[in-house]
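Undergrad: Data file model.csv (CSV, C-alpha atoms) is appended below.
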```csv
chain,number,residue,atom,x,y,z
M,1,MET,CA,-10.6,41.9,-15.7
M,2,GLN,CA,-8.5,38.8,-15.3
M,3,ARG,CA,-6.6,37.6,-18.4
M,4,TYR,CA,-5.8,34.0,-19.3
M,5,PHE,CA,-3.8,32.5,-22.2
M,6,VAL,CA,-5.9,29.5,-23.3
M,7,LYS,CA,-4.4,26.8,-25.5
M,8,GLN,CA,-7.7,24.9,-26.1
M,9,ARG,CA,-10.8,25.8,-28.0
M,10,ALA,CA,-13.9,23.6,-28.5
M,11,ASN,CA,-15.3,23.0,-32.0
M,12,ASP,CA,-18.0,25.5,-31.3
M,13,GLY,CA,-15.4,28.2,-30.5
M,14,ARG,CA,-15.7,28.1,-26.7
M,15,PHE,CA,-12.6,28.5,-24.6
M,16,LEU,CA,-11.7,25.5,-22.4
M,17,ILE,CA,-9.6,26.4,-19.4
M,18,ASN,CA,-8.0,23.8,-17.1
M,19,ASP,CA,-5.1,23.0,-14.8
M,20,GLU,CA,-3.7,26.0,-12.9
M,21,ASP,CA,-5.8,28.6,-14.6
M,22,ARG,CA,-9.0,26.7,-13.7
M,23,HIS,CA,-7.8,26.6,-10.1
M,24,HIS,CA,-7.1,30.3,-10.2
M,25,ILE,CA,-10.5,31.1,-11.5
M,26,VAL,CA,-12.4,28.8,-9.2
M,27,LYS,CA,-10.4,28.7,-6.0
M,28,VAL,CA,-8.4,32.0,-5.9
M,29,MET,CA,-10.8,34.4,-7.7
M,30,ARG,CA,-13.9,32.5,-6.7
M,31,MET,CA,-15.7,33.4,-9.9
M,32,GLN,CA,-19.2,32.2,-10.7
M,33,ILE,CA,-21.2,31.5,-13.9
M,34,GLY,CA,-21.6,34.7,-15.8
M,35,ASP,CA,-18.5,36.4,-14.6
M,36,LYS,CA,-16.3,38.0,-17.2
M,37,ILE,CA,-12.7,37.3,-18.1
M,38,ILE,CA,-10.4,38.0,-21.0
M,39,CYS,CA,-9.1,34.9,-23.0
M,40,VAL,CA,-6.2,35.0,-25.4
M,41,ASP,CA,-5.8,32.2,-27.9
M,42,LEU,CA,-2.6,30.8,-29.5
M,43,ASP,CA,-2.8,33.3,-32.4
M,44,GLY,CA,-2.9,36.3,-30.0
M,45,LYS,CA,-6.6,37.0,-30.6
M,46,GLN,CA,-8.2,38.4,-27.5
M,47,ALA,CA,-11.9,38.2,-26.4
M,48,VAL,CA,-14.0,39.2,-23.4
M,49,CYS,CA,-15.7,36.0,-22.3
M,50,SER,CA,-18.4,34.9,-19.9
M,51,LEU,CA,-18.0,31.8,-17.8
M,52,ALA,CA,-20.6,29.3,-19.0
M,53,GLU,CA,-19.7,26.1,-17.2
M,54,ILE,CA,-17.5,25.2,-14.2
M,55,THR,CA,-16.7,21.5,-13.6
M,56,ASP,CA,-14.2,19.6,-11.5
M,57,THR,CA,-11.7,19.6,-14.4
M,58,SER,CA,-12.3,22.7,-16.5
M,59,VAL,CA,-14.0,26.0,-17.0
M,60,VAL,CA,-15.8,26.8,-20.2
M,61,ALA,CA,-16.0,30.4,-21.4
M,62,ASP,CA,-18.2,31.8,-24.2
M,63,VAL,CA,-17.0,34.7,-26.3
M,64,VAL,CA,-18.9,37.9,-25.7
M,65,GLN,CA,-16.8,40.3,-27.8
M,66,TRP,CA,-13.5,40.1,-29.6
M,67,ILE,CA,-11.1,42.8,-28.7
M,68,ASP,CA,-9.3,45.0,-31.2
M,69,GLY,CA,-6.1,46.8,-30.5
M,70,VAL,CA,-2.4,46.1,-30.5
M,71,SER,CA,-0.3,45.6,-27.4
M,72,GLU,CA,2.7,44.0,-29.0
M,73,LEU,CA,5.9,45.5,-30.3
M,74,PRO,CA,6.0,45.6,-34.2
M,75,ILE,CA,9.3,43.6,-34.2
M,76,LYS,CA,10.1,40.3,-32.5
M,77,ILE,CA,12.9,40.7,-30.0
M,78,THR,CA,14.9,37.8,-28.5
M,79,ILE,CA,16.9,38.5,-25.4
M,80,ALA,CA,19.9,36.2,-25.1
M,81,SER,CA,21.4,36.4,-21.6
M,82,GLY,CA,24.6,34.8,-20.4
M,83,LEU,CA,23.5,32.8,-17.4
M,84,PRO,CA,23.7,35.2,-14.4
M,85,LYS,CA,23.8,34.4,-10.7
M,86,GLY,CA,20.8,34.0,-8.3
M,87,ASP,CA,17.4,35.1,-9.5
M,88,LYS,CA,18.6,37.7,-11.9
M,89,LEU,CA,17.4,35.8,-15.0
M,90,GLU,CA,13.9,35.5,-13.4
M,91,TRP,CA,13.9,39.3,-13.1
M,92,ILE,CA,15.0,39.7,-16.7
M,93,ILE,CA,12.2,37.4,-17.8
M,94,GLN,CA,9.5,39.0,-15.7
M,95,LYS,CA,10.4,42.6,-16.5
M,96,GLY,CA,11.4,41.8,-20.1
M,97,THR,CA,8.0,40.3,-20.7
M,98,GLU,CA,6.3,43.4,-19.4
M,99,LEU,CA,8.5,45.5,-21.8
M,100,GLY,CA,7.5,43.4,-24.9
M,101,ALA,CA,10.2,40.8,-25.4
M,102,TYR,CA,9.1,38.0,-27.8
M,103,GLN,CA,11.6,35.3,-26.6
M,104,PHE,CA,14.2,34.6,-24.0
M,105,LEU,CA,17.3,32.6,-24.8
M,106,PRO,CA,19.7,31.9,-21.9
M,107,PHE,CA,23.2,30.7,-22.8
M,108,SER,CA,26.3,29.5,-21.0
M,109,ALA,CA,29.0,32.2,-21.3
M,110,ALA,CA,32.6,31.7,-20.5
M,111,ARG,CA,32.3,33.9,-17.4
M,112,SER,CA,29.0,32.5,-16.2
M,113,VAL,CA,29.4,31.5,-12.6
M,114,VAL,CA,26.2,29.4,-12.8
M,115,LYS,CA,26.7,26.0,-14.5
M,116,TRP,CA,23.7,24.6,-16.4
M,117,ASP,CA,22.4,21.4,-14.9
M,118,GLU,CA,20.5,19.4,-17.6
M,119,LYS,CA,18.9,17.2,-14.9
M,120,LYS,CA,17.2,20.2,-13.4
M,121,ALA,CA,16.6,21.9,-16.7
M,122,ALA,CA,12.9,21.0,-17.3
M,123,LYS,CA,11.9,22.2,-13.8
M,124,LYS,CA,13.8,25.5,-14.2
M,125,VAL,CA,12.3,26.2,-17.7
M,126,ASP,CA,8.8,25.5,-16.4
M,127,ARG,CA,9.4,28.0,-13.6
M,128,TRP,CA,10.7,30.6,-16.1
M,129,GLN,CA,7.8,30.0,-18.4
M,130,LYS,CA,5.3,30.5,-15.5
M,131,ILE,CA,7.0,33.8,-14.6
M,132,ALA,CA,6.6,34.9,-18.2
M,133,LYS,CA,3.0,33.8,-18.3
M,134,GLU,CA,2.1,35.7,-15.2
M,135,ALA,CA,3.9,38.8,-16.4
M,136,ALA,CA,2.2,38.6,-19.8
M,137,GLU,CA,-1.2,38.4,-18.3
M,138,GLN,CA,-0.5,41.3,-15.9
M,139,SER,CA,0.8,43.5,-18.7
M,140,HIS,CA,-2.0,42.7,-21.1
M,141,ARG,CA,0.2,41.0,-23.7
M,142,ALA,CA,-1.4,39.2,-26.6
M,143,ILE,CA,1.5,36.8,-27.0
M,144,LEU,CA,3.1,34.6,-24.4
M,145,PRO,CA,6.9,34.9,-24.7
M,146,ASP,CA,8.8,31.7,-25.2
M,147,VAL,CA,11.5,30.9,-22.6
M,148,MET,CA,14.0,28.4,-24.0
M,149,SER,CA,16.3,26.0,-22.2
M,150,ALA,CA,19.9,27.3,-21.8
M,151,ILE,CA,22.2,26.5,-24.7
M,152,SER,CA,25.9,26.6,-25.3
M,153,PHE,CA,27.7,29.6,-26.8
M,154,LYS,CA,28.4,27.5,-29.9
M,155,ASP,CA,24.7,26.7,-30.3
M,156,LEU,CA,23.8,30.4,-29.8
M,157,LEU,CA,26.0,31.2,-32.8
M,158,LEU,CA,24.2,28.6,-34.9
M,159,LYS,CA,20.8,29.8,-33.8
M,160,SER,CA,21.7,33.4,-34.6
M,161,ASN,CA,21.3,32.5,-38.3
M,162,ASP,CA,17.5,32.5,-37.8
M,163,PHE,CA,17.3,36.3,-37.2
M,164,HIS,CA,17.1,39.3,-39.5
M,165,TYR,CA,19.3,41.5,-37.2
M,166,LYS,CA,21.8,40.7,-34.5
M,167,LEU,CA,23.3,42.9,-31.9
M,168,VAL,CA,25.7,42.3,-29.0
M,169,ALA,CA,25.8,44.8,-26.1
M,170,PHE,CA,29.4,45.2,-25.0
M,171,GLU,CA,30.6,47.4,-22.2
M,172,GLU,CA,33.9,48.2,-23.9
M,173,GLU,CA,32.0,49.9,-26.7
M,174,SER,CA,30.3,52.1,-24.1
M,175,ARG,CA,33.6,53.0,-22.5
M,176,ASN,CA,34.9,53.9,-25.9
M,177,GLY,CA,32.0,56.2,-26.5
M,178,GLU,CA,30.2,54.2,-29.2
M,179,THR,CA,26.6,55.7,-29.4
M,180,SER,CA,25.2,55.1,-32.9
M,181,ILE,CA,25.0,51.4,-33.8
M,182,PHE,CA,22.0,50.5,-31.6
M,183,ALA,CA,20.0,53.5,-32.8
M,184,ASP,CA,21.1,53.0,-36.5
M,185,THR,CA,20.0,49.4,-36.3
M,186,LEU,CA,16.6,50.3,-35.1
M,187,LYS,CA,16.1,52.7,-38.0
M,188,LYS,CA,16.7,49.8,-40.5
M,189,ILE,CA,14.3,47.3,-38.9
M,190,ASN,CA,10.9,46.9,-40.5
M,191,LYS,CA,7.7,45.7,-39.0
M,192,GLY,CA,7.7,41.9,-38.5
M,193,ASP,CA,11.5,41.6,-38.5
M,194,THR,CA,13.4,39.6,-35.9
M,195,LEU,CA,16.1,41.0,-33.6
M,196,LEU,CA,18.5,39.1,-31.4
M,197,ILE,CA,20.3,41.0,-28.7
M,198,VAL,CA,23.1,39.3,-26.7
M,199,PHE,CA,24.1,40.3,-23.2
M,200,GLY,CA,26.9,38.9,-21.1
M,201,PRO,CA,26.8,37.6,-17.5
M,202,GLU,CA,28.1,39.6,-14.5
M,203,GLY,CA,31.7,39.4,-15.7
M,204,GLY,CA,30.8,40.4,-19.2
M,205,LEU,CA,31.6,38.7,-22.5
M,206,THR,CA,35.2,37.7,-23.2
M,207,ASP,CA,37.1,39.3,-26.1
M,208,GLU,CA,37.1,35.9,-27.8
M,209,GLU,CA,33.3,35.6,-27.5
M,210,VAL,CA,32.9,39.1,-29.0
M,211,ARG,CA,35.2,38.2,-31.8
M,212,GLN,CA,33.2,35.1,-32.7
M,213,LEU,CA,30.0,37.1,-32.5
M,214,LYS,CA,31.4,39.6,-34.9
M,215,ASP,CA,32.5,36.8,-37.2
M,216,ASN,CA,28.9,35.7,-37.2
M,217,GLU,CA,27.6,39.1,-38.4
M,218,PHE,CA,26.7,40.6,-35.0
M,219,ALA,CA,27.0,44.3,-34.7
M,220,VAL,CA,28.7,45.3,-31.5
M,221,CYS,CA,27.0,48.3,-29.7
M,222,GLY,CA,27.2,50.4,-26.6
M,223,LEU,CA,24.1,51.3,-24.5
M,224,GLY,CA,25.1,54.8,-23.5
M,225,PRO,CA,27.8,56.2,-21.3
M,226,ARG,CA,27.0,54.3,-18.1
M,227,ILE,CA,28.0,50.6,-17.6
M,228,LEU,CA,24.8,48.6,-16.9
M,229,ARG,CA,24.4,45.5,-14.8
M,230,THR,CA,23.6,42.2,-16.6
M,231,GLU,CA,19.9,42.4,-15.4
M,232,THR,CA,19.6,46.1,-16.3
M,233,ALA,CA,21.0,46.2,-19.8
M,234,PRO,CA,18.2,44.0,-21.5
M,235,LEU,CA,15.5,46.2,-19.8
M,236,TYR,CA,17.2,49.4,-21.0
M,237,ALA,CA,17.4,48.0,-24.6
M,238,LEU,CA,13.7,47.0,-24.6
M,239,SER,CA,12.6,50.3,-23.2
M,240,ALA,CA,14.6,52.2,-25.9
M,241,ILE,CA,13.1,49.9,-28.6
M,242,SER,CA,9.6,50.6,-27.2
M,243,TYR,CA,10.2,54.3,-27.3
M,244,HIS,CA,11.5,54.2,-30.9
M,245,PHE,CA,8.7,52.1,-32.3
M,246,GLU,CA,5.7,52.9,-30.1
M,247,LEU,CA,6.1,56.5,-28.7
M,248,MET,CA,8.3,58.3,-31.2
M,249,ARG,CA,5.8,58.2,-34.0
```
Will you turn the file into structure tokens for me?

TA:
Amino acid sequence: MQRYFVKQRANDGRFLINDEDRHHIVKVMRMQIGDKIICVDLDGKQAVCSLAEITDTSVVADVVQWIDGVSELPIKITIASGLPKGDKLEWIIQKGTELGAYQFLPFSAARSVVKWDEKKAAKKVDRWQKIAKEAAEQSHRAILPDVMSAISFKDLLLKSNDFHYKLVAFEEESRNGETSIFADTLKKINKGDTLLIVFGPEGGLTDEEVRQLKDNEFAVCGLGPRILRTETAPLYALSAISYHFELMR
């Protein structure tokens, strides 16, 4: 059953679907009155709905049954990625959404080859958000992850004050055999807490960046004995977090 994140509800509780989702329902899926879909509102509430009206501008869906069940991680994880080359960030956003990330925060690192162009920022963020939306619908998420515009390293440090826990994955810690900080941090986190994890670009974080992160109360951790690529490390961390909170119970 197709799933759609719907921002608008009528006064009588009906879901109002428009723009690209309306086009997908009518032109791509070729649905008719009475066909069933799943609608997710802004609060993460999910319902099986029946198509009640189809117009030139919108689709109206009536709630048939609200859906119970939890598909979200019990903690809110923000993935902060140093801007990587090519389409690697799109991969991180797509697969990270499937693995339960709550938010994505790209930042300009000292070794980022890609330079952030503010003139193209809105179009790029719109594309990233669309990738997250499609991945969230495919993986039956109840929350649509937020993909933020890239920020400076200095602003990343300032924004880090908003989180309960802060980690930075650093390959030198893996080389030195550090294995406990990541797992120990997960043991401390309670349901509803927020966790920010910082990952460097292809060339990694500089020693100065790591020093500043430490000065801002980040714990520096390794992610096992192997050195992971910039697009692999966030997915490894999210998978480990999912295992810890959702499977190891």

Undergrad: Considering all atoms listed in the file, state which residue in the set M:Leu186, M:Leu167, M:Val113, M:Ile93 is at the smallest distance from Met148 in chain M.

TA: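 Selected residue with least distance to Met148 in chain M: M:Ile93.
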
Undergrad: Using all atoms listed in the file, which residues sit within 12 Å of Asn161 in chain M once same-chain residues fewer than 6 positions away are excluded, as a PyMOL selection string?

TA: chain M and resi 155+194-196+213+216-218

Undergrad: Given the choices M:Ile37, M:Val59, M:Leu51, M:Ile241, which gets closest to Asp19 in chain M if the distance is worked out from only C-alpha atoms?

TA: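 Among the listed residues, the smallest separation from Asp19 in chain M belongs to M:Val59.
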
Undergrad: Just to confirm, what's the straight-line distance from CA of Gln2 in chain M to CA of Ile92 in chain M in Å (one decimal)?

TA: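 A separation of 23.6 Å between them.
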
Undergrad: List as a PDB file with C-alpha atoms, in the frame of the given file: which residues have an atom within 6 Å of (25.9, 41.8, -15.0), counting all atoms listed in the file?

TA:
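And here is the file that came out, result-v2.pdb:
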```pdb
ATOM      1  CA  PRO M 201      26.800  37.600 -17.500  1.00  0.00           C
ATOM      2  CA  GLU M 202      28.100  39.600 -14.500  1.00  0.00           C
ATOM      3  CA  ARG M 229      24.400  45.500 -14.800  1.00  0.00           C
ATOM      4  CA  THR M 230      23.600  42.200 -16.600  1.00  0.00           C
TER       5      THR M 230
END
```

Undergrad: Would you mind telling me which residue in M:Ser139, M:Ile67, M:Ala240, M:Gly96 lies nearest to Gly224 in chain M when using all atoms listed in the file?

TA: M:Ala240

Undergrad: Kindly indicate which residue among M:Lys85, M:Lys95, M:Lys154, M:Arg141 lies nearest to Thr232 in chain M, using only C-alpha atoms for the distances.

TA: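 Between M:Lys85, M:Lys95, M:Lys154, M:Arg141, the residue approaching Thr232 in chain M most closely is M:Lys95.
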
Undergrad: List the neighbours of Pro84 in chain M out to 10 Å using all atoms listed in the file; skip same-chain residues closer than 5 positions along the sequence, and give me the result as a ChimeraX atom specification.

TA: /M:89-90,106-109,111-115,200-203,230-231

Undergrad: I'd like the contact shell of Thr179 in chain M - 12 Å cut-off, only C-alpha atoms, skipping same-chain residues fewer than 6 positions apart - returned as a PyMOL selection string.

TA: chain M and resi 169-173+185+220-226

Undergrad: If you measure from CA of Gln138 in chain M to CA of Val63 in chain M, what distance in Å do you get, rounded to one decimal?

TA: 20.6 Å

Undergrad: For the atom pair CA of Phe15 in chain M and CA of Ile143 in chain M, what is the interatomic distance in Å to one decimal place?

TA: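 Straight-line distance from CA of Phe15 in chain M to CA of Ile143 in chain M works out to 16.5 Å.
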
Undergrad: Give me the residues near Val125 in chain M as a list in words, where near means some atom within 10 Å (using only C-alpha atoms) and where sequence neighbours in that chain fewer than 6 positions away do not count.

TA: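 Selected residues are Ile131, Asp146, Val147, Met148, Ser149 and Ala150 of chain M.
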
Undergrad: With distances taken over all atoms listed in the file, which of M:Asp184, M:Phe199, M:Leu73, M:Lys7 is nearest to Leu235 in chain M?

TA: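 Looking at the shortest contact to Leu235 in chain M, the residue is M:Phe199.
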
Undergrad: I'd like the neighbourhood of Gln46 in chain M as a PyMOL selection string, where a residue qualifies if any of its atoms comes within 12 Å (using all atoms listed in the file), though same-chain residues fewer than 3 positions away should be ignored.

TA: chain M and resi 3-6+15+37-43+49+63-71+137+140-143

Undergrad: Looking at M:Lys45, M:Ile75, M:Ala80, M:Met1, which one is nearest to Lys159 in chain M, with distances taken over only C-alpha atoms?

TA: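 Checking each candidate against Lys159 in chain M, we get M:Ala80 as the closest.
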
Undergrad: Please, could N, CA, C and O atoms be added to range 1-15 of chain M and the result written as a short mmCIF file (atom, residue, chain, number, x, y, z; two decimals), in the frame of the given file?

TA:
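part-v3.cif was written with the following content:
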```cif
data_model
loop_
_atom_site.label_atom_id
_atom_site.label_comp_id
_atom_site.auth_asym_id
_atom_site.auth_seq_id
_atom_site.Cartn_x
_atom_site.Cartn_y
_atom_site.Cartn_z
N MET M 1 -10.13 43.23 -15.20
CA MET M 1 -10.60 41.90 -15.70
C MET M 1 -9.47 40.96 -15.83
O MET M 1 -8.47 41.29 -16.46
N GLN M 2 -9.58 39.78 -15.24
CA GLN M 2 -8.50 38.80 -15.30
C GLN M 2 -8.29 38.30 -16.73
O GLN M 2 -9.25 38.12 -17.50
N ARG M 3 -7.02 38.07 -17.07
CA ARG M 3 -6.60 37.60 -18.40
C ARG M 3 -5.99 36.27 -18.33
O ARG M 3 -5.17 36.01 -17.45
N TYR M 4 -6.33 35.38 -19.31
CA TYR M 4 -5.80 34.00 -19.30
C TYR M 4 -5.39 33.65 -20.76
O TYR M 4 -6.14 33.89 -21.71
N PHE M 5 -4.20 33.07 -20.88
CA PHE M 5 -3.80 32.50 -22.20
C PHE M 5 -4.32 31.08 -22.24
O PHE M 5 -4.02 30.23 -21.39
N VAL M 6 -5.13 30.82 -23.25
CA VAL M 6 -5.90 29.50 -23.30
C VAL M 6 -5.41 28.78 -24.59
O VAL M 6 -5.49 29.30 -25.71
N LYS M 7 -4.94 27.57 -24.39
CA LYS M 7 -4.40 26.80 -25.50
C LYS M 7 -5.53 25.99 -26.24
O LYS M 7 -5.36 25.61 -27.39
N GLN M 8 -6.67 25.77 -25.58
CA GLN M 8 -7.70 24.90 -26.10
C GLN M 8 -8.98 25.56 -26.44
O GLN M 8 -9.50 26.33 -25.64
N ARG M 9 -9.49 25.30 -27.63
CA ARG M 9 -10.80 25.80 -28.00
C ARG M 9 -11.66 24.61 -28.47
O ARG M 9 -11.18 23.67 -29.12
N ALA M 10 -12.93 24.62 -28.11
CA ALA M 10 -13.90 23.60 -28.50
C ALA M 10 -14.26 23.82 -29.99
O ALA M 10 -13.99 24.88 -30.57
N ASN M 11 -14.90 22.83 -30.59
CA ASN M 11 -15.30 23.00 -32.00
C ASN M 11 -16.29 24.10 -32.21
O ASN M 11 -16.37 24.68 -33.30
N ASP M 12 -17.03 24.44 -31.16
CA ASP M 12 -18.00 25.50 -31.30
C ASP M 12 -17.37 26.89 -30.93
O ASP M 12 -18.07 27.90 -30.83
N GLY M 13 -16.05 26.93 -30.75
CA GLY M 13 -15.40 28.20 -30.50
C GLY M 13 -15.23 28.57 -29.05
O GLY M 13 -14.59 29.58 -28.73
N ARG M 14 -15.79 27.79 -28.15
CA ARG M 14 -15.70 28.10 -26.70
C ARG M 14 -14.27 27.86 -26.23
O ARG M 14 -13.57 26.97 -26.71
N PHE M 15 -13.87 28.65 -25.24
CA PHE M 15 -12.60 28.50 -24.60
C PHE M 15 -12.67 27.44 -23.50
O PHE M 15 -13.60 27.50 -22.68
#
```
